[in-house]
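Student: One file: entry_33.txt (compact mmCIF, C-alpha atoms and all ligand atoms).
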```txt
# COMPACT_ATOMS: atom_id res chain seq x y z
CA MET A 26 0.00 0.00 0.00
CA LYS A 27 1.31 3.41 -0.92
CA PRO A 28 0.93 6.27 1.53
CA ASN A 29 -2.31 8.26 1.31
CA GLU A 30 -3.99 5.59 -0.71
CA TYR A 31 -6.96 5.56 1.61
CA HIS A 32 -9.16 8.32 0.47
CA VAL A 33 -12.42 8.72 2.32
CA LYS A 34 -14.78 9.96 -0.33
CA GLN A 35 -17.92 9.43 1.66
CA ALA A 36 -18.64 9.11 5.37
CA GLU A 37 -22.05 9.41 6.91
CA PHE A 38 -23.81 8.72 10.16
CA VAL A 39 -26.26 5.87 9.64
CA GLY A 40 -27.87 5.60 13.07
CA THR A 41 -27.67 4.19 16.56
CA ALA A 42 -28.68 0.86 18.01
CA ALA A 43 -29.68 -0.07 21.53
CA ASN A 44 -30.17 -3.74 20.63
CA ARG A 45 -29.71 -6.32 17.90
CA GLU A 46 -32.80 -5.20 15.98
CA GLY A 47 -31.17 -1.83 15.39
CA PHE A 48 -27.98 -3.07 13.67
CA PRO A 49 -27.86 -2.11 9.95
CA LYS A 50 -28.91 -4.89 7.61
CA ASP A 51 -27.44 -3.72 4.31
CA GLY A 52 -24.94 -6.58 4.12
CA LEU A 53 -21.86 -4.33 4.35
CA PRO A 54 -19.07 -5.52 6.67
CA HIS A 55 -18.28 -3.69 9.90
CA ILE A 56 -15.17 -2.61 11.77
CA ALA A 57 -16.07 -2.08 15.43
CA VAL A 58 -14.09 0.15 17.80
CA PHE A 59 -13.91 -0.87 21.46
CA GLY A 60 -12.10 0.43 24.49
CA ARG A 61 -12.44 2.05 27.87
CA SER A 62 -14.41 5.21 28.18
CA ASN A 63 -12.37 8.30 27.25
CA VAL A 64 -9.60 6.30 25.52
CA GLY A 65 -10.22 8.17 22.26
CA LYS A 66 -12.51 5.91 20.17
CA SER A 67 -14.68 8.66 18.71
CA SER A 68 -11.65 10.88 18.08
CA LEU A 69 -9.88 8.08 16.20
CA LEU A 70 -12.96 7.50 14.03
CA ASN A 71 -13.09 11.19 13.12
CA ALA A 72 -9.37 11.15 12.31
CA LEU A 73 -9.67 8.00 10.17
CA MET A 74 -12.70 9.36 8.31
CA GLN A 75 -11.04 12.78 7.94
CA ARG A 76 -14.08 14.44 9.49
CA LYS A 77 -13.82 16.86 12.37
CA ASN A 78 -17.06 16.27 14.23
CA LEU A 79 -18.94 13.48 12.53
CA VAL A 80 -18.53 11.43 15.70
CA LYS A 81 -19.28 13.24 18.95
CA THR A 82 -16.30 13.37 21.28
CA SER A 83 -16.22 14.52 24.85
CA SER A 84 -13.90 15.03 27.76
CA THR A 85 -16.72 13.66 29.93
CA PRO A 86 -16.30 9.87 30.05
CA GLY A 87 -19.30 7.70 29.25
CA LYS A 88 -20.69 10.02 26.55
CA THR A 89 -21.44 7.33 23.98
CA GLN A 90 -24.05 4.88 25.33
CA LEU A 91 -25.43 3.30 22.15
CA LEU A 92 -23.72 1.60 19.24
CA GLN A 93 -23.28 4.18 16.49
CA PHE A 94 -22.88 3.23 12.85
CA PHE A 95 -21.05 5.21 10.14
CA ARG A 96 -20.95 4.18 6.50
CA VAL A 97 -17.67 4.82 4.66
CA ASN A 98 -17.27 4.92 0.85
CA HIS A 99 -20.48 2.86 0.62
CA ALA A 100 -18.19 -0.09 1.37
CA PHE A 101 -18.30 -0.75 5.11
CA HIS A 102 -19.48 0.52 8.49
CA PHE A 103 -17.45 1.81 11.37
CA VAL A 104 -19.13 1.01 14.68
CA ASP A 105 -18.45 3.25 17.67
CA VAL A 106 -19.07 1.00 20.67
CA PRO A 107 -19.86 2.52 24.09
CA GLY A 108 -16.83 2.73 26.32
CA PHE A 109 -16.82 0.47 29.34
CA GLY A 110 -15.24 0.60 32.76
CA TYR A 111 -16.68 3.97 33.65
CA ALA A 112 -17.89 3.81 37.23
CA LYS A 113 -20.48 6.59 37.05
CA VAL A 114 -22.50 4.81 34.40
CA GLY A 115 -24.37 2.53 36.75
CA GLY A 116 -27.33 0.22 37.22
CA GLU A 117 -29.75 -0.26 34.37
CA THR A 118 -27.76 1.84 31.84
CA ARG A 119 -24.65 -0.22 32.43
CA ARG A 120 -26.53 -3.50 32.11
CA SER A 121 -28.21 -2.49 28.86
CA MET A 122 -24.88 -1.23 27.45
CA GLU A 123 -23.20 -4.52 28.33
CA ALA A 124 -26.07 -6.47 26.78
CA VAL A 125 -25.86 -4.63 23.46
CA ILE A 126 -22.07 -5.08 23.31
CA ARG A 127 -22.44 -8.80 24.04
CA ASP A 128 -25.16 -9.12 21.43
CA TYR A 129 -22.98 -7.38 18.88
CA VAL A 130 -19.85 -9.45 19.48
CA LYS A 131 -21.66 -12.79 19.68
CA HIS A 132 -24.21 -12.43 16.89
CA GLU A 133 -23.18 -9.84 14.32
CA LYS A 134 -22.00 -11.80 11.29
CA ALA A 135 -21.16 -8.59 9.43
CA CYS A 136 -18.34 -7.81 11.89
CA ALA A 137 -15.05 -8.17 9.99
CA GLY A 138 -12.85 -7.19 12.89
CA LEU A 139 -12.49 -5.38 16.19
CA LEU A 140 -10.20 -2.49 16.98
CA TYR A 141 -9.40 -2.42 20.70
CA LEU A 142 -8.01 0.90 21.90
CA VAL A 143 -5.74 1.25 24.91
CA ASP A 144 -4.24 4.47 26.24
CA SER A 145 -0.53 4.45 25.34
CA ARG A 146 0.28 5.88 28.80
CA LEU A 147 -1.62 3.24 30.73
CA VAL A 148 0.16 -0.09 30.58
CA ASP A 149 -1.27 -1.76 33.65
CA SER A 150 -5.04 -1.73 33.24
CA PRO A 151 -7.16 -4.57 34.64
CA VAL A 152 -10.21 -3.33 32.68
CA ASP A 153 -8.28 -3.62 29.41
CA ARG A 154 -6.87 -6.99 30.41
CA ASP A 155 -10.35 -8.42 31.05
CA ALA A 156 -11.84 -6.84 27.93
CA ILE A 157 -9.05 -8.08 25.63
CA ALA A 158 -9.32 -11.59 27.05
CA TRP A 159 -13.09 -11.54 26.55
CA LEU A 160 -12.83 -10.22 22.98
CA GLU A 161 -10.11 -12.75 22.10
CA ALA A 162 -12.47 -15.50 23.26
CA ALA A 163 -15.03 -14.22 20.72
CA GLU A 164 -12.59 -15.33 17.99
CA LEU A 165 -13.09 -12.29 15.79
CA PRO A 166 -9.94 -10.71 14.35
CA LEU A 167 -8.66 -8.24 16.94
CA LEU A 168 -6.31 -5.33 16.35
CA VAL A 169 -4.96 -3.45 19.37
CA ILE A 170 -4.26 0.27 18.94
CA ALA A 171 -2.52 2.52 21.46
CA THR A 172 -3.96 6.06 21.52
CA LYS A 173 -2.76 9.55 22.49
CA THR A 174 0.91 8.93 21.65
CA ASP A 175 1.34 12.72 21.40
CA LYS A 176 1.40 12.58 25.22
CA LEU A 177 4.60 10.48 25.13
CA THR A 178 8.07 11.48 24.04
CA ARG A 179 9.29 9.99 20.77
CA GLN A 180 11.74 7.71 22.64
CA ASP A 181 9.05 6.46 25.01
CA ILE A 182 6.61 5.32 22.29
CA PRO A 183 8.44 2.07 21.34
CA LYS A 184 8.97 1.25 25.03
CA ALA A 185 5.26 1.74 25.73
CA MET A 186 4.26 -0.45 22.75
CA ALA A 187 6.53 -3.27 23.95
CA ALA A 188 5.22 -2.96 27.51
CA ILE A 189 1.57 -3.05 26.40
CA ARG A 190 2.25 -6.10 24.23
CA LYS A 191 3.85 -7.89 27.17
CA GLU A 192 1.16 -6.85 29.63
CA HIS A 193 -1.68 -8.25 27.50
CA GLY A 194 0.23 -11.16 25.92
CA LEU A 195 -0.45 -9.79 22.42
CA GLN A 196 0.86 -11.53 19.30
CA ALA A 197 2.11 -8.20 17.95
CA GLU A 198 2.78 -4.75 19.33
CA PRO A 199 -0.17 -2.35 19.34
CA LEU A 200 -0.28 0.24 16.57
CA PRO A 201 0.65 3.66 18.00
CA VAL A 202 -1.70 6.49 16.96
CA SER A 203 -2.40 10.09 17.81
CA SER A 204 -5.73 11.43 16.58
CA ALA A 205 -4.64 14.88 17.76
CA LYS A 206 -1.48 14.83 15.63
CA LYS A 207 -2.93 12.53 12.92
CA THR A 208 -0.04 10.08 13.21
CA GLY A 209 -0.20 6.31 12.75
CA LEU A 210 -3.45 6.47 10.76
CA GLN A 211 -2.07 4.99 7.54
CA ALA A 212 -0.94 1.84 9.36
CA VAL A 213 -4.41 1.49 10.89
CA TRP A 214 -6.04 1.85 7.46
CA GLU A 215 -3.78 -0.88 6.06
CA GLN A 216 -4.90 -3.27 8.80
CA ILE A 217 -8.56 -2.31 8.31
CA ASP A 218 -8.16 -3.06 4.60
CA LEU A 219 -6.80 -6.53 5.46
CA LEU A 220 -9.64 -7.18 7.92
CA LEU A 221 -12.25 -6.17 5.35
CA HIS A 222 -10.72 -8.30 2.63
CA GLY A 223 -10.86 -11.29 4.94
CA HIS A 224 -14.64 -10.91 5.24
CA PRO A 225 -17.09 -12.49 2.78
CA GLY A 226 -19.13 -9.27 2.39
CA SER A 227 -16.07 -7.24 1.34
CA GLN A 228 -16.03 -4.69 -1.46
CA GLU A 229 -13.32 -2.37 -2.77
CA LEU A 230 -12.49 0.17 -0.11
CA THR A 231 -11.73 3.16 -2.34
N1 LIG B 301 -3.88 14.43 23.52
C1 LIG B 301 -4.79 13.70 22.90
N2 LIG B 301 -6.06 13.67 23.37
C2 LIG B 301 -6.96 12.91 22.72
C3 LIG B 301 -6.61 12.11 21.58
N3 LIG B 301 -7.70 11.43 21.19
C4 LIG B 301 -8.71 11.80 22.04
N4 LIG B 301 -8.28 12.68 22.95
C5 LIG B 301 -9.08 13.33 24.03
O1 LIG B 301 -9.58 12.34 24.91
C6 LIG B 301 -10.91 12.66 25.33
C7 LIG B 301 -11.85 11.52 24.99
O2 LIG B 301 -11.91 11.37 23.60
P1 LIG B 301 -13.12 10.58 22.90
O3 LIG B 301 -12.70 10.36 21.48
O4 LIG B 301 -14.42 11.29 23.14
O5 LIG B 301 -13.09 9.21 23.73
P2 LIG B 301 -14.08 7.97 23.66
O6 LIG B 301 -13.26 6.75 23.80
O7 LIG B 301 -14.94 8.07 22.44
O8 LIG B 301 -14.95 8.18 24.99
P3 LIG B 301 -16.42 7.60 25.33
O9 LIG B 301 -17.32 7.95 24.18
O10 LIG B 301 -16.76 8.28 26.61
O11 LIG B 301 -16.28 6.12 25.52
C8 LIG B 301 -11.26 13.98 24.62
O12 LIG B 301 -11.00 15.04 25.52
C9 LIG B 301 -10.31 14.02 23.45
O13 LIG B 301 -10.00 15.33 23.01
C10 LIG B 301 -5.24 12.18 21.10
O14 LIG B 301 -4.83 11.56 20.11
N5 LIG B 301 -4.39 12.97 21.81
MG MG B 302 -17.02 8.14 22.21
```
Write the structure described by the file as structure tokens, please.
Tutor:
Amino acid sequence: MKPNEYHVKQAEFVGTAANREGFPKDGLPHIAVFGRSNVGKSSLLNALMQRKNLVKTSSTPGKTQLLQFFRVNHAFHFVDVPGFGYAKVGGETRRSMEAVIRDYVKHEKACAGLLYLVDSRLVDSPVDRDAIAWLEAAELPLLVIATKTDKLTRQDIPKAMAAIRKEHGLQAEPLPVSSAKKTGLQAVWEQIDLLLHGHPGSQELT
């Protein structure tokens, strides 16, 4: 893949889903973005789609509580999955969020792969450890991405990637990205392309 080959010609918000009935049924494959609340999921989606505010971002954790679907180049959907591990989202809301995530991971045949985001500054995170183990058990292709690398020095980035790999027993190092500085995005697109091509519903990305 040559640099800048991924040109997002079209990106639109399709809708939200609180349960399985609400997932889009147009046959296009999905790439779903998971991770703790506030890790930078919505920001990464905006950066990948080259749109400033298509996906709502917030410094208040727990903002996104439904699955949100975005169609890109009429070829696939990005799914912004509610962040978990946020203590203030409690009771019924938490249970219904967990149920929709479980439903999605277990039953959505259109899912071509999962992106799991970890904060590049937070190596030791029990919430991430549990979530990665649970998602690995779902046997969907899983790509781990480390966010907010602009908060690390250039020398510390490779050390952090190695430490995160070790901590979670990953097969490969996470991909370092900064949505703020727009770095690492090309490598993420290349992996998304591979995930989509591995799915039976795949179409040309660009
Ligand atoms: N420095 C820096 N901050 C970032 C980056 N990406 C996201 N943020 C900030 O992190 C906060 C959370 O970002 P979101 O993208 O809303 O996080 P989220 O994972 O979607 O959060 P929830 O929807 O609550 O699960 C915001 O204040 C963002 O501005 C980044 O690459 N660098
Ligand atoms: Mg969000």
Student: For ligand LIG 301 (chain B), collect every residue having any atom at a distance of at most 6 Å from a ligand atom (counting only C-alpha atoms and all ligand atoms); output as a list in words.
Tutor: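 Those residues are Ser62, Asn63, Val64, Gly65, Lys66, Ser67, Ser68, Thr82, Ser83, Ser84, Pro86, Gly87, Lys88, Thr89, Pro107, Gly108, Thr172, Lys173, Asp175, Lys176, Ser203, Ser204 and Ala205 of chain A.
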Student: If I take CA of Leu160 (chain A) and CA of Val130 (chain A), how far is one from the other in Å, to one decimal?
Tutor: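 The value is 7.9 Å.
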Student: Which distance in Å separates CA of Arg146 (chain A) and CA of Leu195 (chain A), to one decimal?
Tutor: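 Separating CA of Arg146 (chain A) from CA of Leu195 (chain A) is a distance of 16.9 Å.
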Student: Name the closest residue to Pro49 (chain A) among the candidates A:Ile126, A:Cys136, A:Ala36, A:Met186; distances are taken between atoms, counting only C-alpha atoms.
Tutor: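 Looking only at the distances to Pro49 (chain A), the closest residue turns out to be A:Cys136.
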Student: Smallest atom-to-atom distance to Leu210 (chain A): which of A:His222, A:His99, A:Arg61, A:His32, using only C-alpha atoms?
Tutor: A:His32
Student: Rank nothing, just name the residue among A:Leu177, A:Val104, A:Leu69, A:Val39 nearest to Ala135 (chain A), using only C-alpha atoms.
Tutor: A:Val104
Student: Can you tell me which residues surround Phe101 (chain A) at a distance of at most 7 Å, considering all atoms listed in the file, apart from same-chain residues fewer than 3 positions away, and format the answer as a list in words?
Tutor: Leu53, Pro54, His55, Arg96 and Val97 of chain A
Student: Ala171 (chain A): which residues within 6 Å, counting only C-alpha atoms, same-chain residues fewer than 2 positions away excluded, as an mmCIF file with C-alpha atoms, in the frame of the given file?
Tutor:
```cif
data_model
loop_
_atom_site.group_PDB
_atom_site.id
_atom_site.type_symbol
_atom_site.label_atom_id
_atom_site.label_comp_id
_atom_site.auth_asym_id
_atom_site.auth_seq_id
_atom_site.Cartn_x
_atom_site.Cartn_y
_atom_site.Cartn_z
ATOM 1 C CA LEU A 142 -8.010 0.900 21.900
ATOM 2 C CA VAL A 143 -5.740 1.250 24.910
ATOM 3 C CA ASP A 144 -4.240 4.470 26.240
ATOM 4 C CA SER A 145 -0.530 4.450 25.340
ATOM 5 C CA PRO A 199 -0.170 -2.350 19.340
ATOM 6 C CA LEU A 200 -0.280 0.240 16.570
ATOM 7 C CA PRO A 201 0.650 3.660 18.000
#
```
